[in-house]
Each structure stands twice: as C-alpha cells, then as structure tokens.
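Source file: query-v5.txt; contents: compact mmCIF, C-alpha atoms.
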```txt
# COMPACT_ATOMS: atom_id res chain seq x y z
CA LEU D 30 29.55 -70.98 -84.80
CA GLY D 31 31.16 -67.78 -83.64
CA PRO D 32 33.08 -65.69 -82.93
CA LEU D 33 32.94 -66.68 -79.25
CA PRO D 34 35.17 -66.44 -76.18
CA ARG D 35 37.23 -69.61 -76.08
CA ALA D 36 35.94 -70.73 -72.67
CA LEU D 37 32.33 -70.24 -73.78
CA ALA D 38 32.96 -72.11 -77.05
CA GLU D 39 34.36 -75.10 -75.17
CA GLU D 40 31.59 -75.11 -72.55
CA PHE D 41 28.78 -74.66 -75.04
CA GLY D 42 30.26 -77.23 -77.40
CA ALA D 43 30.38 -79.86 -74.65
CA ALA D 44 26.80 -79.08 -73.58
CA LEU D 45 25.51 -79.24 -77.16
CA ARG D 46 27.35 -82.52 -77.72
CA ARG D 47 25.62 -84.08 -74.70
CA ALA D 48 22.25 -82.79 -75.91
CA LEU D 49 22.81 -84.23 -79.37
CA LEU D 50 23.64 -87.66 -77.95
CA ARG D 51 20.89 -87.73 -75.28
CA GLU D 52 18.02 -85.41 -76.22
CA VAL D 53 17.36 -86.12 -79.89
CA ARG D 54 14.33 -88.36 -80.36
CA GLY D 55 14.55 -91.47 -82.50
CA ALA D 56 12.84 -94.82 -83.01
CA ALA D 57 13.78 -98.47 -82.53
CA VAL D 58 12.25 -101.94 -82.45
CA SER D 59 11.05 -102.39 -78.87
CA ALA D 60 9.40 -105.84 -78.90
CA VAL D 61 8.47 -108.74 -81.14
CA CYS D 62 5.66 -111.30 -80.95
CA ILE D 63 6.12 -114.63 -82.75
CA PRO D 64 3.09 -116.95 -82.41
CA GLY D 65 3.94 -120.29 -80.83
CA THR D 66 7.18 -119.01 -79.34
CA PRO D 67 7.17 -119.34 -75.53
CA HIS D 68 10.55 -117.62 -75.00
CA GLU D 69 13.44 -116.02 -76.84
CA PHE D 70 15.52 -119.22 -76.85
CA ALA D 71 13.04 -121.11 -79.01
CA ILE D 72 13.86 -122.58 -82.44
CA LEU D 73 11.46 -121.93 -85.31
CA GLU D 74 10.67 -124.71 -87.73
CA GLY D 75 11.55 -123.81 -91.31
CA VAL D 76 13.57 -120.74 -90.25
CA VAL D 77 17.37 -120.74 -90.34
CA GLU D 78 17.84 -118.32 -87.44
CA ASP D 79 16.63 -118.98 -83.93
CA VAL D 80 14.68 -116.35 -81.99
CA VAL D 81 17.81 -114.96 -80.31
CA GLN D 82 19.39 -114.28 -83.71
CA ILE D 83 16.19 -112.68 -85.00
CA VAL D 84 16.09 -110.37 -81.98
CA GLU D 85 19.73 -109.38 -82.52
CA ASN D 86 18.99 -108.62 -86.18
CA LEU D 87 16.01 -106.48 -85.19
CA LYS D 88 18.29 -104.41 -82.96
CA MET D 89 20.31 -103.50 -86.05
CA VAL D 90 17.33 -102.02 -87.89
CA ARG D 91 17.54 -98.23 -88.18
CA VAL D 92 13.96 -97.05 -88.35
CA SER D 93 11.95 -93.84 -87.98
CA LEU D 94 8.25 -93.12 -87.45
CA ASP D 95 6.06 -90.23 -88.55
CA ARG D 96 4.43 -90.02 -85.11
CA LEU D 97 5.32 -90.44 -81.44
CA ASP D 98 2.93 -93.30 -80.71
CA PRO D 99 4.24 -96.88 -81.02
CA ARG D 100 3.42 -98.70 -84.23
CA ARG D 101 3.10 -102.43 -84.91
CA VAL D 102 4.11 -104.03 -88.21
CA ARG D 103 2.97 -107.53 -89.19
CA ILE D 104 5.21 -109.80 -91.25
CA ASP D 105 3.83 -113.06 -92.63
CA VAL D 106 5.86 -114.88 -95.30
CA ARG D 107 5.86 -118.42 -96.69
CA GLY D 108 8.38 -120.30 -98.75
CA SER D 109 12.06 -119.76 -99.32
CA CYS D 110 12.89 -116.09 -98.85
CA THR D 111 14.89 -113.60 -96.80
CA VAL D 112 13.08 -111.16 -94.53
CA THR D 113 14.88 -107.81 -94.40
CA ALA D 114 14.41 -104.49 -92.63
CA GLY D 115 12.89 -103.14 -95.83
CA ASP D 116 9.81 -105.32 -95.21
CA LEU D 117 9.00 -103.14 -92.20
CA ALA D 118 8.76 -100.09 -94.46
CA ALA D 119 5.71 -101.59 -96.16
CA GLU D 120 3.69 -100.17 -93.25
CA PRO D 121 2.60 -96.54 -93.85
CA GLY D 122 4.47 -94.09 -91.65
CA VAL D 123 7.52 -96.34 -91.20
CA ALA D 124 10.84 -95.50 -92.86
CA VAL D 125 13.98 -97.66 -92.76
CA ALA D 126 17.49 -96.31 -93.32
CA ASN D 127 19.09 -99.73 -93.88
CA PRO D 128 16.50 -101.78 -95.80
CA GLU D 129 19.10 -104.41 -96.73
CA GLN D 130 19.61 -105.45 -93.07
CA PRO D 131 18.64 -109.15 -92.85
CA ILE D 132 16.18 -110.23 -90.15
CA ALA D 133 15.48 -113.90 -90.87
CA THR D 134 15.82 -116.55 -93.58
CA VAL D 135 12.89 -118.82 -94.36
CA ALA D 136 13.88 -122.15 -95.93
CA GLY D 137 11.86 -124.56 -98.07
CA ASP D 138 8.16 -124.57 -97.23
CA GLY D 139 8.70 -122.79 -93.93
CA ARG D 140 6.64 -119.90 -92.63
CA LEU D 141 7.51 -116.92 -90.47
CA GLU D 142 4.80 -114.88 -88.84
CA MET D 143 5.61 -112.13 -86.38
CA LEU D 144 4.40 -108.79 -85.09
CA VAL D 145 7.12 -106.15 -84.66
CA GLU D 146 6.57 -103.21 -82.33
CA ILE D 147 8.40 -99.94 -83.00
CA ALA D 148 8.55 -97.19 -80.38
CA THR D 149 10.10 -93.73 -80.08
CA GLY D 150 12.24 -92.28 -77.33
CA THR D 151 15.60 -90.73 -76.48
CA GLY D 152 18.94 -92.15 -75.46
CA TYR D 153 19.18 -95.83 -74.58
CA ALA D 154 16.46 -97.94 -72.94
CA PRO D 155 17.65 -101.15 -71.25
CA LEU D 156 15.40 -104.16 -71.05
CA SER D 157 13.11 -103.96 -68.02
CA GLN D 158 10.81 -106.43 -66.30
CA ALA D 159 7.79 -104.63 -67.77
CA ASP D 160 9.08 -105.27 -71.29
CA ASN D 161 8.76 -109.03 -70.83
CA GLY D 162 5.58 -108.81 -68.77
CA ARG D 163 3.24 -109.02 -71.77
CA PRO D 164 2.25 -112.60 -72.67
CA GLY D 165 3.60 -113.66 -76.04
CA TRP D 166 5.88 -110.63 -76.40
CA ILE D 167 9.67 -110.60 -76.26
CA GLY D 168 11.06 -107.27 -75.10
CA ILE D 169 14.15 -105.78 -76.74
CA ASP D 170 16.58 -103.27 -75.29
CA ARG D 171 16.84 -100.41 -77.73
CA ARG D 172 18.99 -97.49 -78.69
CA TYR D 173 16.74 -94.64 -79.71
CA ALA D 174 19.47 -92.04 -80.18
CA PRO D 175 19.90 -91.38 -83.93
CA VAL D 176 23.09 -89.38 -83.35
CA ARG D 177 26.01 -91.79 -83.20
CA GLN D 178 28.99 -89.50 -82.77
CA VAL D 179 29.70 -85.82 -82.21
CA ALA D 180 33.16 -84.31 -82.48
CA ILE D 181 33.75 -80.72 -81.32
CA GLN D 182 36.64 -78.52 -82.31
CA VAL D 183 37.48 -74.99 -81.24
CA ASP D 184 39.37 -73.08 -83.93
CA ALA D 185 41.20 -69.79 -83.39
CA GLU D 186 41.38 -67.36 -86.31
CA GLY D 187 43.33 -64.33 -85.20
CA ASP D 188 41.56 -62.88 -82.17
CA ALA D 189 38.31 -64.77 -82.97
CA THR D 190 37.37 -68.25 -81.80
CA PHE D 191 34.89 -70.46 -83.65
CA LEU D 192 33.14 -73.68 -82.61
CA GLU D 193 32.95 -76.46 -85.17
CA LEU D 194 30.76 -79.57 -84.79
CA ARG D 195 31.03 -82.79 -86.77
CA VAL D 196 27.89 -84.87 -86.37
CA THR D 197 27.36 -88.47 -87.49
CA THR D 198 23.84 -89.91 -87.52
CA ASP D 199 22.43 -93.33 -88.34
CA GLY D 200 20.60 -91.90 -91.35
CA THR D 201 17.11 -91.82 -89.81
CA VAL D 202 17.21 -88.15 -88.75
CA PRO D 203 18.76 -85.29 -90.77
CA VAL D 204 21.55 -83.43 -89.03
CA GLU D 205 19.55 -80.19 -89.28
CA GLN D 206 16.66 -81.77 -87.37
CA ALA D 207 19.00 -83.21 -84.74
CA LEU D 208 20.64 -79.82 -84.19
CA ALA D 209 17.26 -78.11 -83.91
CA GLN D 210 16.06 -80.61 -81.29
CA ALA D 211 19.29 -80.45 -79.30
CA GLY D 212 19.40 -76.65 -79.36
CA ALA D 213 15.76 -76.37 -78.26
CA ALA D 214 16.26 -78.92 -75.47
CA LEU D 215 19.36 -77.14 -74.23
CA GLU D 216 17.60 -73.78 -74.24
CA LEU D 217 14.80 -75.15 -72.04
CA ARG D 218 17.16 -76.39 -69.32
CA ALA D 219 16.79 -74.62 -66.01
CA GLY D 220 19.62 -72.39 -64.83
CA MET D 221 20.97 -71.54 -68.27
CA GLN D 222 22.30 -67.99 -68.28
CA GLU D 223 22.86 -65.73 -71.27
CA PRO D 224 24.48 -65.97 -73.74
CA VAL D 225 23.85 -69.75 -73.75
CA PRO D 226 20.10 -69.48 -74.60
CA ALA D 227 20.98 -67.05 -77.40
CA LEU D 228 23.52 -69.53 -78.77
CA CYS D 229 20.87 -72.27 -78.63
CA ARG D 230 18.50 -70.11 -80.65
CA ALA D 231 21.29 -69.42 -83.14
CA VAL D 232 21.86 -73.16 -83.57
CA VAL D 233 18.14 -73.78 -84.13
CA GLU D 234 17.93 -70.93 -86.65
CA ALA D 235 21.01 -72.19 -88.50
CA ALA D 236 19.59 -75.71 -88.59
CA CYS D 237 16.28 -74.48 -90.02
CA ARG D 238 17.86 -72.14 -92.56
CA PRO D 239 17.81 -73.44 -96.16
CA ARG D 240 21.23 -74.37 -97.48
CA GLN D 241 22.74 -71.77 -99.79
CA THR D 242 24.13 -72.52 -103.24
CA PRO D 243 27.90 -71.83 -103.27
CA VAL D 244 28.98 -68.63 -105.03
CA ASP D 245 32.31 -67.47 -106.36
CA THR D 246 32.76 -64.85 -103.67
CA PRO D 247 33.08 -66.52 -100.27
CA PRO D 248 30.54 -65.09 -97.82
CA PRO D 249 31.38 -64.15 -94.22
CA ARG D 250 31.85 -67.16 -91.98
CA GLN D 251 28.49 -68.52 -90.78
CA PRO D 252 27.37 -71.64 -88.90
CA ARG D 253 27.84 -74.61 -91.23
CA ILE D 254 25.84 -77.83 -91.20
CA VAL D 255 27.46 -80.84 -92.83
CA ASP D 256 25.55 -84.13 -92.90
CA LEU D 257 28.18 -86.84 -92.62
CA GLY D 258 25.47 -89.50 -92.71
CA LYS D 259 27.02 -92.95 -92.57
CA THR D 260 30.56 -91.72 -93.14
CA ARG D 261 33.13 -91.95 -90.43
CA PRO D 262 34.00 -88.52 -89.01
CA VAL D 263 37.52 -87.30 -88.53
CA VAL D 264 37.90 -86.96 -84.78
CA PRO D 265 40.26 -84.16 -83.84
```

Translate the structure of the given file into structure tokens.
Amino acid sequence: LGPLPRALAEEFGAALRRALLREVRGAAVSAVCIPGTPHEFAILEGVVEDVVQIVENLKMVRVSLDRLDPRRVRIDVRGSCTVTAGDLAAEPGVAVANPEQPIATVAGDGRLEMLVEIATGTGYAPLSQADNGRPGWIGIDRRYAPVRQVAIQVDAEGDATFLELRVTTDGTVPVEQALAQAGAALELRAGMQEPVPALCRAVVEAACRPRQTPVDTPPPRQPRIVDLGKTRPVVP
C-alpha cells in the first residue's frame, strides 16, 4: 500500500495490525452439554477420552458460521468410531476448516451423545462464571480471532515508501474479508484524522477488488493481497 510517508506507513501499519488481530469476527465452540455429566472432570463409559480431553479437543476446532447468532450441533454416535470436527459440519450453516481434528473416540459398544454450542465474537473470551451457570453445560474459553499472525514491513523504493502486510489466518475467514473488516473497524474509530480514514477505505476497496490474472507487462504497484492460509509467514 503506498506510496506513503514513512512515519504514516509505520503508524497505519501498526494500527491495522491491531485491528486485524482484535476486530475481525470469527466463531468458536463456546460450550458443550453431555447428558449425565455433572462436571468437566467426569469419565464417560465407553469413551476413551475423559471430558477434560474432549473440551481441549473442541478448543482446537476451527469453525465458522453463516450468521451471528449462536448455533447448537447435536452429535449422537454408537459403536466403535472416532468423532471429528467434520461431524459438526453436518449442521447447515456450519463450516469447519480442520475436519480431521479428533474430538473423541468411542470404543466397543459405547455411546457418545453431546450438544455443542458455537458462538461468534472477536478477540479472546476467557471463561466466566456465567459460562458455567447453565445447568448441564460446560463453558469453554474461546479464541474467536481468525487472524493468527500479522507481519508488517515498510519498504523504501527510491523516494517512495510502501507498506506490506503478511497475514496468516486459521482458514475460516479469507484474508480479503479480514482486511475489509479491519479497515472498516479502523475507519469508524473516533479521533481518526485524514489521511487515515482514506487509507482504511483504500484497504477495504483493495480487499473487495477481484484478483487480476497476471499479464506479461507488470502493472504499476498496487495493494497486494496474499492469502498465506495455514502456511507459516516469514517475519521480517
């Protein structure tokens, strides 16, 4: 993104990085209800994992919803099998980025029945007293933020300075969507003076712009969006 004054590029890059990590909405498993389980330290008959291990596995599920309201997914299996995150995607409107993530292993003639609640939010939500205040439900602290890492780099090309962002997500939200949300959230903040709002609008427009097919003649430098997905970014 540029050309920009170097001080502005550094300031705006830091602000956009914070917005990407804190303001982008995501989804996570927020609670689970297992009939006949009085607390999270219980052991389930016919299930290899105890409730604590099941809760930890549910925290690893990377999920997204097609709406803002919480959604509940019922799982009821019998016999020897492995319950994975992909079983949650059987519910309409629920998408899972890591369907191979194991949740529980049912052995022999065992049975596992549970109700999984998925909610949306931003940032990180620690476990509160209200989360465990519902009878039969076990609350789970959750990390909603789909953006895992943001690296910023300010490059000087002659007298021009450009801002480069390297964004890593958990696969549930496209980088374009994350940039659009972060840019819009940053633009709405009180006290922002020009040209910061204009830069926010430029980020949103670049995120919403369809990707161009490469041509032989390199075009003038424009904002680039590279979805690193699950790859590990090179941190400058």

Measure the distance from CA of Ala56 in chain D to CA of Ala207 in chain D in Å and round it to one decimal.
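Going from CA of Ala56 in chain D over to CA of Ala207 in chain D covers 13.3 Å.
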
Neighbouring residues of Leu192 in chain D were defined as those with any atom within 10 Å, considering all atoms listed in the file; residues of the same chain fewer than 4 positions away were excluded. Please report them as a PyMOL selection string.
chain D and resi 30-35+37-39+41-42+181-185+252

Work out how far apart CA of Asp170 in chain D and CA of Ala154 in chain D are and give it in Å to one decimal.
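Rounded to one decimal, the two atoms are 5.8 Å apart.
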
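If only C-alpha atoms are the atoms counted, then among D:Asp199, D:Glu205, D:Glu69, D:Asp138 the closest residue to Met89 in chain D is D:Asp199.
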
What does the structure give for the distance between CA of Asp116 in chain D and CA of Arg172 in chain D, in Å to one decimal?
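Distance reported for this atom pair: 20.5 Å.
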
Skipping near chain neighbours, those fewer than 5 positions away, what residues fall within 12 Å of Asn127 in chain D using only C-alpha atoms, listed as JSON, numbers by chain?
{"D": [86, 87, 88, 89, 90, 91, 92, 93, 113, 114, 115, 116, 117, 118, 132, 199, 200, 201, 259]}

Expected answer as a ChimeraX atom specification: all residues with atoms within 7 Å of (9.7, -102.2, -76.3), only C-alpha atoms
/D:58-60,146,148,160,168-169

Top pick for closest residue to Val61 in chain D, considering D:Arg96, D:Arg103, D:Arg230, D:Arg218 and counting all atoms listed in the file
D:Arg103

At a cut-off of 10 Å, using all atoms listed in the file, what residues contact Gly108 in chain D? Leave out same-chain residues fewer than 3 positions from it and give the result as a ChimeraX atom specification.
/D:75-76,111,134-141

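With distances restricted to all atoms listed in the file, D:His68 is the closest residue to Pro164 in chain D from D:His68, D:Arg107, D:Arg177, D:Arg100.
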
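Polymer residues near (17.1, -76.7, -79.4): counting all atoms listed in the file with a cut-off of 10 Å, they are Leu45, Ala48, Leu49, Glu52, Val53, Gln206, Ala207, Leu208, Ala209, Gln210, Ala211, Gly212, Ala213, Ala214, Leu215, Glu216, Leu217, Pro226, Leu228, Cys229, Arg230, Ala231, Val232, Val233, Glu234 and Ala236 of chain D.
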
Where atoms are missing, can you supply all heavy atoms for range 142-153 of chain D and output the lot as a PDB file, in the frame of the given file?
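Written out: part.pdb:
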```pdb
ATOM      1  N   GLU D 142       5.822-115.865 -89.166  1.00  0.00           N
ATOM      2  CA  GLU D 142       4.800-114.880 -88.840  1.00  0.00           C
ATOM      3  C   GLU D 142       5.212-114.171 -87.558  1.00  0.00           C
ATOM      4  O   GLU D 142       5.500-114.824 -86.551  1.00  0.00           O
ATOM      5  CB  GLU D 142       3.438-115.537 -88.648  1.00  0.00           C
ATOM      6  CG  GLU D 142       2.320-114.559 -88.310  1.00  0.00           C
ATOM      7  CD  GLU D 142       0.999-115.256 -88.034  1.00  0.00           C
ATOM      8  OE1 GLU D 142       0.970-116.508 -88.063  1.00  0.00           O
ATOM      9  OE2 GLU D 142      -0.003-114.553 -87.782  1.00  0.00           O
ATOM     10  N   MET D 143       5.253-112.871 -87.580  1.00  0.00           N
ATOM     11  CA  MET D 143       5.610-112.130 -86.380  1.00  0.00           C
ATOM     12  C   MET D 143       5.055-110.728 -86.432  1.00  0.00           C
ATOM     13  O   MET D 143       4.783-110.171 -87.502  1.00  0.00           O
ATOM     14  CB  MET D 143       7.135-112.097 -86.167  1.00  0.00           C
ATOM     15  CG  MET D 143       7.929-111.424 -87.254  1.00  0.00           C
ATOM     16  SD  MET D 143       9.714-111.483 -86.895  1.00  0.00           S
ATOM     17  CE  MET D 143      10.368-110.638 -88.339  1.00  0.00           C
ATOM     18  N   LEU D 144       4.888-110.152 -85.257  1.00  0.00           N
ATOM     19  CA  LEU D 144       4.400-108.790 -85.090  1.00  0.00           C
ATOM     20  C   LEU D 144       5.525-107.991 -84.437  1.00  0.00           C
ATOM     21  O   LEU D 144       5.983-108.327 -83.333  1.00  0.00           O
ATOM     22  CB  LEU D 144       3.153-108.769 -84.219  1.00  0.00           C
ATOM     23  CG  LEU D 144       2.332-107.474 -84.180  1.00  0.00           C
ATOM     24  CD1 LEU D 144       1.830-107.118 -85.565  1.00  0.00           C
ATOM     25  CD2 LEU D 144       1.164-107.619 -83.220  1.00  0.00           C
ATOM     26  N   VAL D 145       5.983-106.955 -85.123  1.00  0.00           N
ATOM     27  CA  VAL D 145       7.120-106.150 -84.660  1.00  0.00           C
ATOM     28  C   VAL D 145       6.603-104.819 -84.150  1.00  0.00           C
ATOM     29  O   VAL D 145       5.873-104.115 -84.855  1.00  0.00           O
ATOM     30  CB  VAL D 145       8.145-105.934 -85.791  1.00  0.00           C
ATOM     31  CG1 VAL D 145       9.314-105.086 -85.297  1.00  0.00           C
ATOM     32  CG2 VAL D 145       8.636-107.273 -86.326  1.00  0.00           C
ATOM     33  N   GLU D 146       6.984-104.477 -82.925  1.00  0.00           N
ATOM     34  CA  GLU D 146       6.570-103.210 -82.330  1.00  0.00           C
ATOM     35  C   GLU D 146       7.717-102.210 -82.403  1.00  0.00           C
ATOM     36  O   GLU D 146       8.848-102.514 -82.027  1.00  0.00           O
ATOM     37  CB  GLU D 146       6.151-103.416 -80.884  1.00  0.00           C
ATOM     38  CG  GLU D 146       5.611-102.159 -80.212  1.00  0.00           C
ATOM     39  CD  GLU D 146       5.148-102.409 -78.789  1.00  0.00           C
ATOM     40  OE1 GLU D 146       6.026-102.496 -77.903  1.00  0.00           O
ATOM     41  OE2 GLU D 146       3.940-102.534 -78.574  1.00  0.00           O
ATOM     42  N   ILE D 147       7.411-101.011 -82.870  1.00  0.00           N
ATOM     43  CA  ILE D 147       8.400 -99.940 -83.000  1.00  0.00           C
ATOM     44  C   ILE D 147       7.957 -98.776 -82.127  1.00  0.00           C
ATOM     45  O   ILE D 147       6.802 -98.355 -82.189  1.00  0.00           O
ATOM     46  CB  ILE D 147       8.534 -99.491 -84.460  1.00  0.00           C
ATOM     47  CG1 ILE D 147       8.891-100.676 -85.354  1.00  0.00           C
ATOM     48  CG2 ILE D 147       9.591 -98.398 -84.599  1.00  0.00           C
ATOM     49  CD1 ILE D 147       8.835-100.376 -86.834  1.00  0.00           C
ATOM     50  N   ALA D 148       8.866 -98.277 -81.298  1.00  0.00           N
ATOM     51  CA  ALA D 148       8.550 -97.190 -80.380  1.00  0.00           C
ATOM     52  C   ALA D 148       9.548 -96.055 -80.562  1.00  0.00           C
ATOM     53  O   ALA D 148      10.615 -96.226 -81.164  1.00  0.00           O
ATOM     54  CB  ALA D 148       8.553 -97.675 -78.936  1.00  0.00           C
ATOM     55  N   THR D 149       9.205 -94.888 -80.024  1.00  0.00           N
ATOM     56  CA  THR D 149      10.100 -93.730 -80.080  1.00  0.00           C
ATOM     57  C   THR D 149      10.564 -93.364 -78.681  1.00  0.00           C
ATOM     58  O   THR D 149       9.911 -93.682 -77.687  1.00  0.00           O
ATOM     59  CB  THR D 149       9.395 -92.512 -80.718  1.00  0.00           C
ATOM     60  OG1 THR D 149       8.259 -92.154 -79.912  1.00  0.00           O
ATOM     61  CG2 THR D 149       8.927 -92.831 -82.127  1.00  0.00           C
ATOM     62  N   GLY D 150      11.702 -92.696 -78.613  1.00  0.00           N
ATOM     63  CA  GLY D 150      12.240 -92.280 -77.330  1.00  0.00           C
ATOM     64  C   GLY D 150      13.568 -91.577 -77.527  1.00  0.00           C
ATOM     65  O   GLY D 150      13.949 -91.228 -78.652  1.00  0.00           O
ATOM     66  N   THR D 151      14.287 -91.369 -76.435  1.00  0.00           N
ATOM     67  CA  THR D 151      15.600 -90.730 -76.480  1.00  0.00           C
ATOM     68  C   THR D 151      16.613 -91.593 -75.758  1.00  0.00           C
ATOM     69  O   THR D 151      16.259 -92.359 -74.853  1.00  0.00           O
ATOM     70  CB  THR D 151      15.562 -89.329 -75.831  1.00  0.00           C
ATOM     71  OG1 THR D 151      15.128 -89.454 -74.465  1.00  0.00           O
ATOM     72  CG2 THR D 151      14.607 -88.400 -76.576  1.00  0.00           C
ATOM     73  N   GLY D 152      17.876 -91.439 -76.149  1.00  0.00           N
ATOM     74  CA  GLY D 152      18.940 -92.150 -75.460  1.00  0.00           C
ATOM     75  C   GLY D 152      18.867 -93.654 -75.654  1.00  0.00           C
ATOM     76  O   GLY D 152      18.529 -94.164 -76.730  1.00  0.00           O
ATOM     77  N   TYR D 153      19.167 -94.367 -74.569  1.00  0.00           N
ATOM     78  CA  TYR D 153      19.180 -95.830 -74.580  1.00  0.00           C
ATOM     79  C   TYR D 153      18.225 -96.353 -73.525  1.00  0.00           C
ATOM     80  O   TYR D 153      18.187 -95.837 -72.395  1.00  0.00           O
ATOM     81  CB  TYR D 153      20.600 -96.349 -74.307  1.00  0.00           C
ATOM     82  CG  TYR D 153      20.670 -97.853 -74.099  1.00  0.00           C
ATOM     83  CD1 TYR D 153      20.603 -98.724 -75.179  1.00  0.00           C
ATOM     84  CD2 TYR D 153      20.801 -98.387 -72.814  1.00  0.00           C
ATOM     85  CE1 TYR D 153      20.662-100.098 -74.985  1.00  0.00           C
ATOM     86  CE2 TYR D 153      20.867 -99.755 -72.622  1.00  0.00           C
ATOM     87  CZ  TYR D 153      20.800-100.613 -73.704  1.00  0.00           C
ATOM     88  OH  TYR D 153      20.851-101.973 -73.517  1.00  0.00           O
TER      89      TYR D 153
END
```
